[in-house]
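Novice: Quick one, upload-v1.txt (compact mmCIF, C-alpha atoms):
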# COMPACT_ATOMS: atom_id res chain seq x y z
CA MET A 16 57.56 15.61 -155.07
CA GLU A 17 54.04 15.92 -156.43
CA MET A 18 53.94 15.72 -160.20
CA GLU A 19 53.10 18.92 -161.96
CA LYS A 20 50.19 19.45 -164.32
CA TRP A 21 50.77 21.28 -167.58
CA GLU A 22 48.22 23.18 -169.60
CA CYS A 23 47.97 23.60 -173.36
CA THR A 24 47.90 27.30 -174.16
CA ALA A 25 46.18 26.75 -177.48
CA CYS A 26 43.10 24.95 -176.10
CA GLY A 27 43.26 24.64 -172.32
CA TYR A 28 43.74 20.86 -172.20
CA VAL A 29 45.47 19.89 -168.96
CA TYR A 30 48.05 17.11 -168.95
CA ASP A 31 47.82 15.27 -165.65
CA PRO A 32 50.82 12.99 -165.15
CA GLU A 33 48.81 10.77 -162.84
CA GLU A 34 46.54 9.91 -165.74
CA GLY A 35 49.09 10.09 -168.55
CA ASP A 36 47.69 9.88 -172.09
CA PRO A 37 46.93 6.17 -172.51
CA ASP A 38 45.19 6.70 -175.89
CA HIS A 39 48.54 7.76 -177.26
CA GLY A 40 50.71 5.26 -175.44
CA ILE A 41 51.64 7.42 -172.46
CA ALA A 42 51.45 5.43 -169.25
CA PRO A 43 49.94 6.91 -166.08
CA GLY A 44 52.70 8.32 -163.92
CA THR A 45 54.68 9.87 -166.80
CA PRO A 46 55.91 13.37 -165.87
CA PHE A 47 55.37 16.03 -168.53
CA GLU A 48 59.12 16.45 -168.90
CA ASP A 49 59.44 12.80 -169.96
CA LEU A 50 56.83 12.92 -172.72
CA PRO A 51 58.38 12.21 -176.13
CA GLU A 52 59.33 15.28 -178.15
CA ASP A 53 56.81 14.43 -180.86
CA TRP A 54 53.93 14.13 -178.41
CA VAL A 55 51.17 16.57 -179.26
CA CYS A 56 48.18 17.89 -177.38
CA PRO A 57 45.52 15.17 -177.62
CA GLN A 58 42.82 17.85 -177.78
CA CYS A 59 44.09 20.32 -180.36
CA GLY A 60 47.31 18.92 -181.82
CA VAL A 61 49.91 21.56 -180.97
CA GLY A 62 53.35 20.53 -179.69
CA LYS A 63 54.75 20.37 -176.15
CA GLU A 64 56.30 23.81 -176.54
CA PHE A 65 52.87 25.40 -176.22
CA PHE A 66 52.29 23.94 -172.77
CA GLN A 67 52.85 25.85 -169.57
CA LYS A 68 52.91 24.62 -166.04
CA VAL A 69 49.66 25.05 -164.13
CA SER A 70 50.38 27.51 -161.36
CA MET B 17 24.28 38.72 -168.41
CA ARG B 18 25.39 38.51 -172.01
CA THR B 19 28.96 38.66 -173.21
CA ILE B 20 29.73 39.22 -176.85
CA ILE B 21 33.14 38.27 -178.15
CA VAL B 22 34.48 39.67 -181.40
CA GLY B 23 36.70 37.11 -183.10
CA ASN B 24 36.98 33.32 -182.87
CA GLY B 25 40.74 32.92 -182.77
CA LEU B 26 42.57 31.74 -179.68
CA ALA B 27 41.80 34.75 -177.50
CA GLY B 28 38.11 34.76 -178.45
CA VAL B 29 37.46 31.07 -177.97
CA ILE B 30 39.61 30.71 -174.85
CA SER B 31 37.84 33.72 -173.28
CA ALA B 32 34.56 31.95 -173.99
CA LYS B 33 35.85 28.71 -172.52
CA ASN B 34 37.00 30.46 -169.35
CA LEU B 35 33.72 32.32 -169.00
CA ARG B 36 31.84 29.04 -169.27
CA ASP B 37 34.16 27.20 -166.87
CA LEU B 38 33.59 29.91 -164.28
CA ASP B 39 29.89 30.59 -164.83
CA LYS B 40 27.21 28.22 -166.11
CA ASP B 41 24.67 30.93 -166.82
CA VAL B 42 26.46 33.72 -168.65
CA GLU B 43 25.28 34.02 -172.25
CA ILE B 44 28.16 33.84 -174.69
CA ASP B 45 28.05 34.84 -178.34
CA ILE B 46 31.10 34.90 -180.58
CA PHE B 47 30.87 36.86 -183.82
CA ALA B 48 33.57 36.11 -186.34
CA SER B 49 34.44 36.98 -189.89
CA GLU B 50 36.10 33.54 -190.23
CA ARG B 51 34.42 30.77 -192.21
CA TYR B 52 35.87 28.10 -189.96
CA HIS B 53 35.82 27.22 -186.30
CA TYR B 54 38.89 27.94 -184.20
CA TYR B 55 42.15 26.28 -185.21
CA PRO B 56 45.48 26.86 -183.46
CA ARG B 57 47.70 28.58 -186.03
CA PRO B 58 50.70 26.25 -185.57
CA ASN B 59 48.49 23.54 -187.06
CA LEU B 60 48.33 25.50 -190.32
CA ILE B 61 52.04 24.88 -190.81
CA GLU B 62 51.56 21.16 -190.28
CA PHE B 63 48.63 21.24 -192.69
CA LEU B 64 50.70 23.14 -195.24
CA ALA B 65 53.47 20.56 -194.86
CA GLY B 66 50.94 17.83 -195.51
CA ASN B 67 51.49 16.29 -192.09
CA ILE B 68 47.92 16.43 -190.80
CA PRO B 69 44.49 16.12 -192.41
CA LEU B 70 41.95 18.95 -192.30
CA GLU B 71 39.93 17.46 -189.45
CA ARG B 72 42.98 17.53 -187.15
CA LEU B 73 43.31 21.25 -187.60
CA PHE B 74 40.52 22.31 -185.29
CA ALA B 75 40.89 22.69 -181.54
CA PHE B 76 37.35 21.64 -180.65
CA PRO B 77 34.71 19.62 -182.45
CA LYS B 78 31.48 21.42 -183.40
CA LYS B 79 29.52 19.62 -180.72
CA TRP B 80 31.80 21.01 -178.03
CA TYR B 81 30.48 24.52 -178.74
CA GLU B 82 26.93 23.22 -178.45
CA GLU B 83 27.62 21.39 -175.21
CA GLN B 84 29.30 24.47 -173.77
CA GLU B 85 26.46 26.69 -175.00
CA ILE B 86 28.89 28.96 -176.72
CA ARG B 87 27.14 30.36 -179.77
CA VAL B 88 29.58 30.96 -182.60
CA HIS B 89 28.31 33.05 -185.49
CA LEU B 90 30.76 32.39 -188.30
CA GLU B 91 30.95 34.80 -191.24
CA ASN B 92 29.14 37.40 -189.15
CA SER B 93 31.56 40.28 -188.92
CA VAL B 94 31.04 42.98 -186.36
CA THR B 95 31.12 46.24 -188.29
CA LYS B 96 30.64 48.74 -185.50
CA ILE B 97 30.69 49.08 -181.73
CA VAL B 98 28.47 51.62 -179.98
CA PRO B 99 29.87 51.74 -176.43
CA GLU B 100 27.25 54.21 -175.11
CA ALA B 101 24.42 51.87 -176.10
CA LYS B 102 26.36 48.66 -175.32
CA GLN B 103 25.60 47.44 -178.79
CA VAL B 104 27.44 46.02 -181.73
CA GLU B 105 26.37 46.13 -185.35
CA ILE B 106 26.67 42.99 -187.40
CA GLU B 107 26.84 43.70 -191.12
CA GLU B 108 23.94 45.61 -192.67
CA GLY B 109 22.77 47.32 -189.52
CA ARG B 110 21.64 44.31 -187.47
CA THR B 111 22.36 45.14 -183.84
CA GLU B 112 23.07 42.98 -180.81
CA ASP B 113 23.08 44.07 -177.17
CA TYR B 114 25.74 43.10 -174.69
CA ASP B 115 26.59 43.61 -171.04
CA ALA B 116 30.29 43.01 -171.57
CA LEU B 117 32.29 42.93 -174.77
CA ILE B 118 35.61 41.25 -175.50
CA LEU B 119 37.60 42.38 -178.50
CA ALA B 120 39.65 39.48 -179.75
CA THR B 121 40.11 40.85 -183.22
CA GLY B 122 43.61 39.46 -183.63
CA ALA B 123 46.14 40.69 -186.11
CA PHE B 124 46.95 40.60 -189.79
CA PRO B 125 50.24 40.06 -191.55
CA SER B 126 52.27 43.19 -192.01
CA ILE B 127 53.69 43.77 -195.47
CA PRO B 128 56.71 46.04 -195.76
CA PRO B 129 56.29 48.80 -198.33
CA PHE B 130 57.99 47.31 -201.35
CA LYS B 131 56.86 47.37 -204.96
CA GLY B 132 54.94 44.53 -206.55
CA ALA B 133 53.34 43.09 -203.43
CA ASP B 134 50.03 42.95 -205.31
CA LYS B 135 51.27 40.60 -208.02
CA ARG B 136 49.82 37.16 -208.49
CA GLY B 137 51.80 34.63 -206.53
CA VAL B 138 52.47 36.81 -203.47
CA PHE B 139 51.01 35.40 -200.29
CA THR B 140 50.91 35.74 -196.54
CA LEU B 141 49.96 32.93 -194.19
CA ARG B 142 47.58 33.71 -191.39
CA THR B 143 44.35 31.83 -192.05
CA LEU B 144 43.21 28.49 -193.37
CA GLU B 145 42.08 30.26 -196.56
CA ASP B 146 45.61 31.58 -197.05
CA THR B 147 46.98 28.09 -196.56
CA TYR B 148 44.66 26.63 -199.20
CA GLU B 149 45.68 29.34 -201.65
CA ILE B 150 49.38 28.62 -201.13
CA ILE B 151 48.89 24.86 -201.48
CA ASP B 152 46.97 25.47 -204.69
CA TYR B 153 49.55 27.83 -206.19
CA LEU B 154 52.41 25.52 -205.19
CA GLU B 155 51.04 22.92 -207.60
CA ASP B 156 52.83 24.52 -210.51
CA HIS B 157 55.07 27.11 -208.88
CA LYS B 158 57.94 25.43 -207.10
CA LYS B 159 60.49 28.18 -206.77
CA VAL B 160 59.60 29.79 -203.48
CA VAL B 161 61.04 32.75 -201.66
CA LEU B 162 60.23 33.56 -198.05
CA ILE B 163 60.48 37.22 -197.20
CA GLY B 164 61.25 37.13 -193.49
CA GLY B 165 63.64 34.87 -191.55
CA GLY B 166 61.72 34.85 -188.27
CA LEU B 167 60.00 31.88 -186.67
CA LEU B 168 57.04 31.86 -189.05
CA GLY B 169 59.18 32.36 -192.14
CA LEU B 170 61.46 29.46 -191.29
CA GLU B 171 58.60 27.17 -190.41
CA ILE B 172 56.82 27.95 -193.67
CA ALA B 173 60.10 27.38 -195.51
CA ARG B 174 60.35 23.91 -193.99
CA ALA B 175 56.71 23.16 -194.78
CA VAL B 176 56.82 24.16 -198.46
CA LYS B 177 60.14 22.38 -198.87
CA SER B 178 58.51 19.17 -197.70
CA ARG B 179 55.99 19.71 -200.51
CA GLY B 180 58.86 19.52 -202.97
CA ALA B 181 59.54 23.22 -203.48
CA GLU B 182 62.92 24.85 -203.87
CA VAL B 183 63.15 27.44 -201.09
CA GLU B 184 65.13 30.59 -200.34
CA VAL B 185 64.75 32.79 -197.27
CA VAL B 186 65.45 36.51 -197.25
CA GLU B 187 66.05 38.29 -193.94
CA PHE B 188 66.43 42.01 -193.48
CA PHE B 189 68.54 41.64 -190.33
CA ASP B 190 72.09 40.32 -190.44
CA ARG B 191 71.00 37.10 -188.72
CA LEU B 192 68.10 34.65 -188.52
CA LEU B 193 65.55 34.87 -185.70
CA PRO B 194 66.91 38.25 -184.62
CA ARG B 195 64.56 38.47 -181.67
CA GLN B 196 65.02 34.94 -180.39
CA LEU B 197 68.72 34.31 -180.95
CA ASP B 198 72.09 35.95 -180.49
CA GLN B 199 74.79 36.10 -183.16
CA GLN B 200 76.39 32.81 -182.17
CA GLY B 201 73.13 30.86 -182.13
CA ALA B 202 71.92 32.44 -185.34
CA SER B 203 75.02 31.52 -187.30
CA LEU B 204 74.76 27.92 -186.15
CA LEU B 205 71.11 27.89 -187.20
CA LYS B 206 71.94 29.36 -190.59
CA ALA B 207 74.45 26.56 -191.26
CA GLN B 208 71.87 23.96 -190.24
CA ILE B 209 69.10 25.45 -192.38
CA GLU B 210 71.39 25.63 -195.40
CA GLU B 211 72.38 22.02 -194.84
CA MET B 212 68.71 21.17 -195.29
CA GLY B 213 68.88 22.70 -198.73
CA ILE B 214 67.24 26.03 -197.91
CA LYS B 215 69.23 29.01 -199.12
CA VAL B 216 69.51 31.95 -196.73
CA HIS B 217 70.14 35.62 -197.67
CA LEU B 218 70.93 37.86 -194.71
CA GLY B 219 70.98 41.63 -194.41
CA LYS B 220 68.92 42.02 -197.56
CA ALA B 221 66.17 44.58 -197.88
CA THR B 222 63.61 43.64 -200.49
CA GLU B 223 63.19 46.43 -202.98
CA GLY B 224 60.44 44.89 -205.00
CA ILE B 225 58.79 41.84 -206.43
CA VAL B 226 59.25 41.74 -210.16
CA GLY B 227 57.31 40.01 -212.92
CA GLN B 228 54.77 40.78 -215.62
CA ASP B 229 51.55 40.03 -213.73
CA SER B 230 52.75 37.30 -211.49
CA VAL B 231 55.91 36.81 -209.45
CA GLU B 232 59.09 36.16 -211.40
CA GLY B 233 61.67 37.27 -208.87
CA LEU B 234 62.82 39.63 -206.19
CA THR B 235 65.17 42.58 -206.27
CA PHE B 236 67.19 43.72 -203.28
CA LYS B 237 68.23 47.24 -202.47
CA GLY B 238 71.75 47.59 -203.74
CA GLY B 239 71.05 45.80 -206.98
CA GLU B 240 71.13 42.04 -206.50
CA SER B 241 68.17 39.91 -207.48
CA ILE B 242 66.91 36.34 -207.27
CA GLN B 243 64.39 34.34 -209.26
CA ALA B 244 61.20 32.95 -207.75
CA ASP B 245 57.67 32.23 -208.89
CA LEU B 246 55.99 32.22 -205.48
CA ALA B 247 56.68 34.70 -202.69
CA ILE B 248 55.46 34.42 -199.12
CA VAL B 249 55.78 37.45 -196.90
CA ALA B 250 56.32 36.62 -193.22
CA ALA B 251 57.39 39.96 -191.82
CA GLY B 252 55.45 40.13 -188.59
CA ILE B 253 51.92 41.04 -187.63
CA LYS B 254 49.89 44.18 -187.07
CA PRO B 255 47.11 44.32 -184.50
CA GLU B 256 43.61 44.72 -185.92
CA ILE B 257 42.49 47.93 -184.24
CA GLY B 258 40.02 49.34 -186.77
CA LEU B 259 36.81 48.57 -184.85
CA ALA B 260 38.23 49.87 -181.58
CA GLN B 261 39.48 53.02 -183.24
CA LYS B 262 36.11 53.73 -184.87
CA ALA B 263 34.41 53.27 -181.50
CA GLY B 264 36.65 55.94 -179.98
CA LEU B 265 38.62 53.55 -177.76
CA GLU B 266 42.22 54.37 -176.99
CA THR B 267 44.54 52.76 -179.49
CA ASP B 268 48.20 53.07 -180.32
CA ARG B 269 49.90 50.28 -182.25
CA GLY B 270 47.35 48.00 -180.59
CA ILE B 271 44.18 48.40 -178.56
CA VAL B 272 45.40 49.88 -175.31
CA VAL B 273 44.37 47.93 -172.19
CA ASN B 274 45.10 48.15 -168.46
CA GLU B 275 46.20 45.27 -166.22
CA PHE B 276 42.59 44.08 -165.99
CA LEU B 277 42.49 43.91 -169.80
CA GLN B 278 39.98 46.75 -169.92
CA THR B 279 40.07 49.17 -172.81
CA SER B 280 39.45 52.86 -172.25
CA ALA B 281 35.74 51.95 -172.06
CA PRO B 282 35.67 49.87 -168.85
CA HIS B 283 32.96 47.42 -169.96
CA ILE B 284 34.92 46.61 -173.12
CA TYR B 285 37.80 44.19 -172.67
CA ALA B 286 40.41 43.10 -175.17
CA ALA B 287 42.75 40.12 -175.33
CA GLY B 288 45.18 38.49 -177.72
CA ASP B 289 47.18 39.72 -180.68
CA SER B 290 45.18 42.93 -181.03
CA ILE B 291 46.15 44.43 -177.68
CA GLN B 292 48.87 46.65 -176.41
CA TYR B 293 49.64 46.19 -172.74
CA ASN B 294 52.53 47.86 -170.99
CA GLY B 295 53.58 49.49 -174.25
CA ARG B 296 53.99 46.16 -175.92
CA ILE B 297 52.33 44.01 -178.56
CA TRP B 298 52.52 40.41 -177.33
CA GLY B 299 51.59 38.35 -180.37
CA ILE B 300 52.43 34.95 -178.90
CA ILE B 301 50.14 32.06 -178.03
CA PRO B 302 50.77 31.74 -174.26
CA ALA B 303 50.22 35.49 -173.82
CA SER B 304 46.87 35.39 -175.61
CA PHE B 305 45.91 32.44 -173.47
CA ASP B 306 46.78 34.19 -170.22
CA GLN B 307 45.03 37.37 -171.33
CA ALA B 308 41.86 35.52 -172.29
CA ARG B 309 41.69 34.03 -168.81
CA VAL B 310 42.26 37.34 -167.06
CA ALA B 311 39.61 39.08 -169.16
CA ALA B 312 37.05 36.37 -168.41
CA VAL B 313 37.68 36.47 -164.66
CA ASN B 314 37.33 40.24 -164.55
CA ILE B 315 34.15 40.26 -166.60
CA LEU B 316 32.58 37.97 -164.04
CA GLY B 317 33.27 40.50 -161.32
CA GLN B 318 36.33 39.00 -159.68
CA GLN B 319 39.63 40.81 -159.88
CA LYS B 320 42.66 39.38 -161.59
CA LYS B 321 45.65 41.24 -162.91
CA TYR B 322 47.63 40.41 -166.02
CA GLY B 323 51.33 40.75 -165.36
CA GLY B 324 52.76 39.89 -168.77
CA THR B 325 53.92 36.57 -170.15
CA ILE B 326 57.51 35.37 -170.55
CA PRO B 327 57.96 34.65 -174.25
CA SER B 328 59.08 31.12 -174.89
CA ASN B 329 59.47 30.03 -178.48
CA THR B 330 60.51 26.82 -180.09
CA LEU B 331 61.25 26.59 -183.76
CA LYS B 332 59.82 23.42 -185.21
CA VAL B 333 62.00 22.48 -188.09
CA VAL B 334 62.57 18.80 -188.59
CA GLY B 335 65.77 17.72 -186.91
CA LEU B 336 66.43 21.12 -185.40
CA TYR B 337 65.53 22.20 -181.94
CA VAL B 338 65.70 25.88 -181.26
CA THR B 339 64.19 27.26 -178.09
CA SER B 340 64.36 30.82 -176.91
CA ILE B 341 62.98 31.94 -173.57
CA GLY B 342 62.74 35.41 -172.10
CA GLN B 343 65.58 37.86 -172.36
CA VAL B 344 68.31 36.51 -174.66
CA ASN B 345 70.15 39.59 -175.89
CA PRO B 346 71.05 41.75 -172.89
CA GLU B 347 73.10 44.86 -173.45
CA GLU B 348 76.83 44.10 -173.36
CA GLY B 349 78.11 43.59 -169.86
CA THR B 350 74.86 44.26 -168.01
CA LEU B 351 73.97 40.66 -167.20
CA GLU B 352 75.85 37.43 -166.81
CA GLU B 353 75.84 35.18 -169.88
CA ILE B 354 76.94 31.56 -169.63
CA ARG B 355 77.48 29.61 -172.83
CA LEU B 356 78.15 26.10 -174.02
CA GLU B 357 78.72 25.26 -177.67
CA LYS B 358 79.41 21.88 -179.25
CA LYS B 359 79.56 22.72 -182.93
CA GLU B 360 79.86 19.17 -184.32
CA GLU B 361 76.75 18.11 -182.42
CA GLY B 362 74.86 21.25 -183.38
CA ILE B 363 74.48 22.20 -179.74
CA TYR B 364 74.48 25.73 -178.44
CA LYS B 365 73.16 26.73 -175.05
CA LYS B 366 73.17 30.01 -173.24
CA ILE B 367 71.59 31.26 -170.08
CA VAL B 368 71.27 34.89 -169.09
CA CYS B 369 71.43 35.37 -165.32
CA GLN B 370 71.06 38.10 -162.76
CA GLU B 371 71.88 37.42 -159.13
CA GLY B 372 71.48 33.69 -159.59
CA MET B 373 68.15 33.93 -161.37
CA ILE B 374 67.74 32.97 -165.00
CA LEU B 375 66.11 35.73 -167.06
CA GLY B 376 66.43 34.07 -170.43
CA ALA B 377 67.89 31.15 -172.33
CA ILE B 378 68.77 29.90 -175.78
CA TRP B 379 68.71 26.14 -176.16
CA MET B 380 69.70 24.70 -179.53
CA GLY B 381 70.25 21.18 -180.76
CA THR B 382 68.14 19.52 -178.10
CA ARG B 383 64.89 20.06 -176.30
CA LYS B 384 66.11 18.09 -173.32
CA GLY B 385 65.91 20.36 -170.32
CA VAL B 386 63.60 22.96 -171.88
CA ASP B 387 60.60 22.13 -169.71
CA GLY B 388 62.83 22.28 -166.64
CA LEU B 389 64.29 25.59 -167.77
CA ASN B 390 60.85 27.07 -168.31
CA ARG B 391 59.99 26.10 -164.77
CA LEU B 392 63.18 27.62 -163.30
CA ILE B 393 62.51 30.88 -165.13
CA SER B 394 58.83 31.21 -164.34
CA GLN B 395 59.33 30.28 -160.68
CA LYS B 396 62.45 32.48 -160.38
CA VAL B 397 64.47 29.68 -158.83
CA ASN B 398 67.95 30.63 -157.66
CA VAL B 399 70.41 28.55 -159.71
CA GLU B 400 73.67 30.20 -158.63
CA LYS B 401 75.25 26.90 -157.52
CA TRP B 402 74.20 25.07 -160.66
CA LYS B 403 74.53 27.73 -163.32
CA ASN B 404 77.39 26.04 -165.16
CA ALA B 405 76.28 22.47 -164.56
CA LEU B 406 72.80 22.96 -165.94
CA LEU B 407 74.12 23.53 -169.43
CA GLU B 408 75.46 19.97 -169.46
CA ASP B 409 73.48 17.39 -171.38
CA ASP B 410 73.04 15.02 -168.44
CA PHE B 411 71.94 17.66 -165.93
CA ASP B 412 69.02 16.52 -163.82
CA PHE B 413 66.63 19.46 -163.49
CA SER B 414 64.70 17.76 -160.75
CA VAL B 415 67.46 18.63 -158.23
CA LEU B 416 66.35 22.23 -158.47
Show how you would write the structure in this file as C-alpha cells.

Specialist:
Amino acid sequence: MEMEKWECTACGYVYDPEEGDPDHGIAPGTPFEDLPEDWVCPQCGVGKEFFQKVS
Amino acid sequence: MRTIIVGNGLAGVISAKNLRDLDKDVEIDIFASERYHYYPRPNLIEFLAGNIPLERLFAFPKKWYEEQEIRVHLENSVTKIVPEAKQVEIEEGRTEDYDALILATGAFPSIPPFKGADKRGVFTLRTLEDTYEIIDYLEDHKKVVLIGGGLLGLEIARAVKSRGAEVEVVEFFDRLLPRQLDQQGASLLKAQIEEMGIKVHLGKATEGIVGQDSVEGLTFKGGESIQADLAIVAAGIKPEIGLAQKAGLETDRGIVVNEFLQTSAPHIYAAGDSIQYNGRIWGIIPASFDQARVAAVNILGQQKKYGGTIPSNTLKVVGLYVTSIGQVNPEEGTLEEIRLEKKEEGIYKKIVCQEGMILGAIWMGTRKGVDGLNRLISQKVNVEKWKNALLEDDFDFSVL
C-alpha cells in the first residue's frame, strides 16, 4: 500500500511519509498514523489533529 | 489580474497561497486590520499557556511573503467595497482596484447579553492582542471563570490553569462540549476535568458579571453566584459581515456564498469563518482551509465546487484525548450507535453508523485510531464486518 500524504489545514504543509521529518527525529518511512501524539506541524506548529489526508 | 484579499487570517493567507501555487503572475494584495502576520489560532492557546515563545506563533516567516510576492498590508483596514467599480476603500478614502476580491473577514467572539460584560477584567480570546491582555491581567488576578464549556473554553481553562490560576468553567447546557459529545462522553469528561482541579458548573445561565468597576464575581439566573476576578467569555463566534452588508451583498448570519464560494456579486468571493454556505456557519479550521482553496481555483477560471467539510475536533487538554468527528448525536433510534466504555481507564468510544458506513465518532481517552477513523469516514469505507472490532484498543486500521 502506498503511504498517504497528509496536509496541515492551518498552513498547507504536506507531510510526506517517504521523507519523514528528520529535523524532529522522524525517520523517513514513518506513516502519518505512527507519528507521536505530540508531534506538531514543522511549518506552523499546530497539532496532528489539524491534518487531513491529501485526496 | 489583481486579486485583493480582505483579512490575513487562515482563509485570507491560505487563499493567497493557493493563488500563488496555481499562478505565478496573479497580483495578490492582502489588506488586514491586524497588527501581526498570520498565526494559527490554536497557537494562541499554547502561547497563553506559556508553552511556546512568540516567534513560534506565526505560520510563515516574513520573508516567505516576500518570496511568494504576496503583499500584506497590515493595519490597513478595508472600510468599504464598491462592487460596481471593483474597488475597495482603505481608511480615509484611499482606493484600490481589483479584478477579483476575496472576503476573508473572519469572525468575532459572541458575547451573550448579560449585564456587566463591559467591566474591567472581562475578556474574550480571539487575537494575539487579546492574549497579551489576558496574560497581563492574570499577573494579579488569579481567580478565573470561563463562561462557556465548549472546546475553546476548556482549552483556555487548561492554559490559564497552567499559569497558576484557580479556574471554574460555567456552561449553559447541561453537559460539556454539547456539540461534540453525547451525555455519556460529556459526563466522563466532566469527571476528568474536575480531577485536574477545574470546577465545572453545568446548566447555568450567567445573569451578570458583578463588581464595582472590575470583575468580582458572577451571578447565575436563579440566584446562585460565584467569586472571580477575571472572566473570559468563550461563547462562540459571530461572522464579520459588516463590509459585505454595506456593499449590498447577500448576508444572513454570515456572508452567503454558493458552492463556488461566490457571494451574490459573482466577482466577489468569500471564505472562512465569515461565510454561510448551505445554511451553515462552519467556523472550523479544516473548513476554512478547504474553502480558501476552492475560492482560489475558481478565481483563476477553473471550476471547483465546495461540498462541505466533515467537522473533526480534538480537545487538547493535557492528559485527555477527546476527539469528535462528524455526526455524534443522531436522533434516538434513527442510526446505529456502537459504544465501548472503560471507565477506570477513562476510555469511551462510540461510532455512529448507517448501512455499514461511519457517519460520526466520539473517541475519548486515546488518540490511537483517530487518523484511521478520519480516513474511514472521509472515504466512506464500509465497515460492517468490523464495526464492533474497531472500537478495541488493538484494532489495526490498516486492514480496512

Novice: Which of these, A:Val61, A:Ala42, A:Val69, A:Cys56, has the shortest distance to Phe63 of chain B once you count all atoms listed in the file?

Specialist: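 Smallest separation from Phe63 of chain B among the options: A:Val61.
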
Novice: Near chain A, meaning an atom within 10 Å, which residues of chain B appear when counting all atoms listed in the file? Write them as a ChimeraX atom specification.

Specialist: /B:25-27,29-30,33-34,54-59,62,68,72-77,300-306,328-332,339,382-388,390-391,394-395,413-414

Novice: Quote the spacing between atom CA of Trp80 of chain B and atom CA of Glu19 of chain A in Å to one decimal place.

Specialist: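 Straight-line distance from atom CA of Trp80 of chain B to atom CA of Glu19 of chain A works out to 26.8 Å.
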
Novice: Ranking B:Gly233, B:Gly324, B:Gly317, B:Gly288 by minimum distance to Ile248 of chain B and counting only C-alpha atoms, which one comes first?

Specialist: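 Comparing B:Gly233, B:Gly324, B:Gly317, B:Gly288 against Ile248 of chain B, the winner is B:Gly233.
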
Novice: Need to verify the contact set: segment 267-270 of chain B, 12 Å, all atoms listed in the file, exclusion of same-chain residues closer than 2 positions in sequence. Can you return it as a ChimeraX atom specification?

Specialist: /B:119-124,253-265,272-274,279-281,286-299

Novice: Could you state the separation of atom CA of Arg195 of chain B and atom CA of Ala175 of chain B in Å, given to one decimal place?

Specialist: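 Here the two named atoms are 21.6 Å from each other.
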
Novice: What gap, in Å, lies between atom CA of Ile44 of chain B and atom CA of Ala312 of chain B?

Specialist: 11.2 Å

Novice: Can you work out which one of B:Leu64, B:Ile150, B:Leu218, B:Ile225 has the shortest atom-to-atom distance to Lys131 of chain B, counting all atoms listed in the file?

Specialist: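 Of B:Leu64, B:Ile150, B:Leu218, B:Ile225, the one nearest Lys131 of chain B is B:Ile225, counting all atoms listed in the file.
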
Novice: Taking (30.9, 33.0, -182.8) in the coordinates of the supplied file, I want to know which residues reach to within 8 Å of it, counting all atoms listed in the file; could you give the answer as a CSV table (one decimal) with C-alpha atoms, keeping the file's coordinate frame?

Specialist:
chain,number,residue,atom,x,y,z
B,21,ILE,CA,33.1,38.3,-178.2
B,22,VAL,CA,34.5,39.7,-181.4
B,23,GLY,CA,36.7,37.1,-183.1
B,24,ASN,CA,37.0,33.3,-182.9
B,45,ASP,CA,28.0,34.8,-178.3
B,46,ILE,CA,31.1,34.9,-180.6
B,47,PHE,CA,30.9,36.9,-183.8
B,48,ALA,CA,33.6,36.1,-186.3
B,86,ILE,CA,28.9,29.0,-176.7
B,87,ARG,CA,27.1,30.4,-179.8
B,88,VAL,CA,29.6,31.0,-182.6
B,89,HIS,CA,28.3,33.0,-185.5
B,90,LEU,CA,30.8,32.4,-188.3
B,92,ASN,CA,29.1,37.4,-189.2

Novice: Give, as AutoDock Vina command-line options, the centre coordinates and the x, y and z edge lengths in Å to one decimal for an axis-aligned box around all listed atoms of segment 84-97 of chain B, padded by 5 Å on each side.

Specialist:
--center_x 29.0 --center_y 36.8 --center_z -182.5 --size_x 15.1 --size_y 34.6 --size_z 27.5
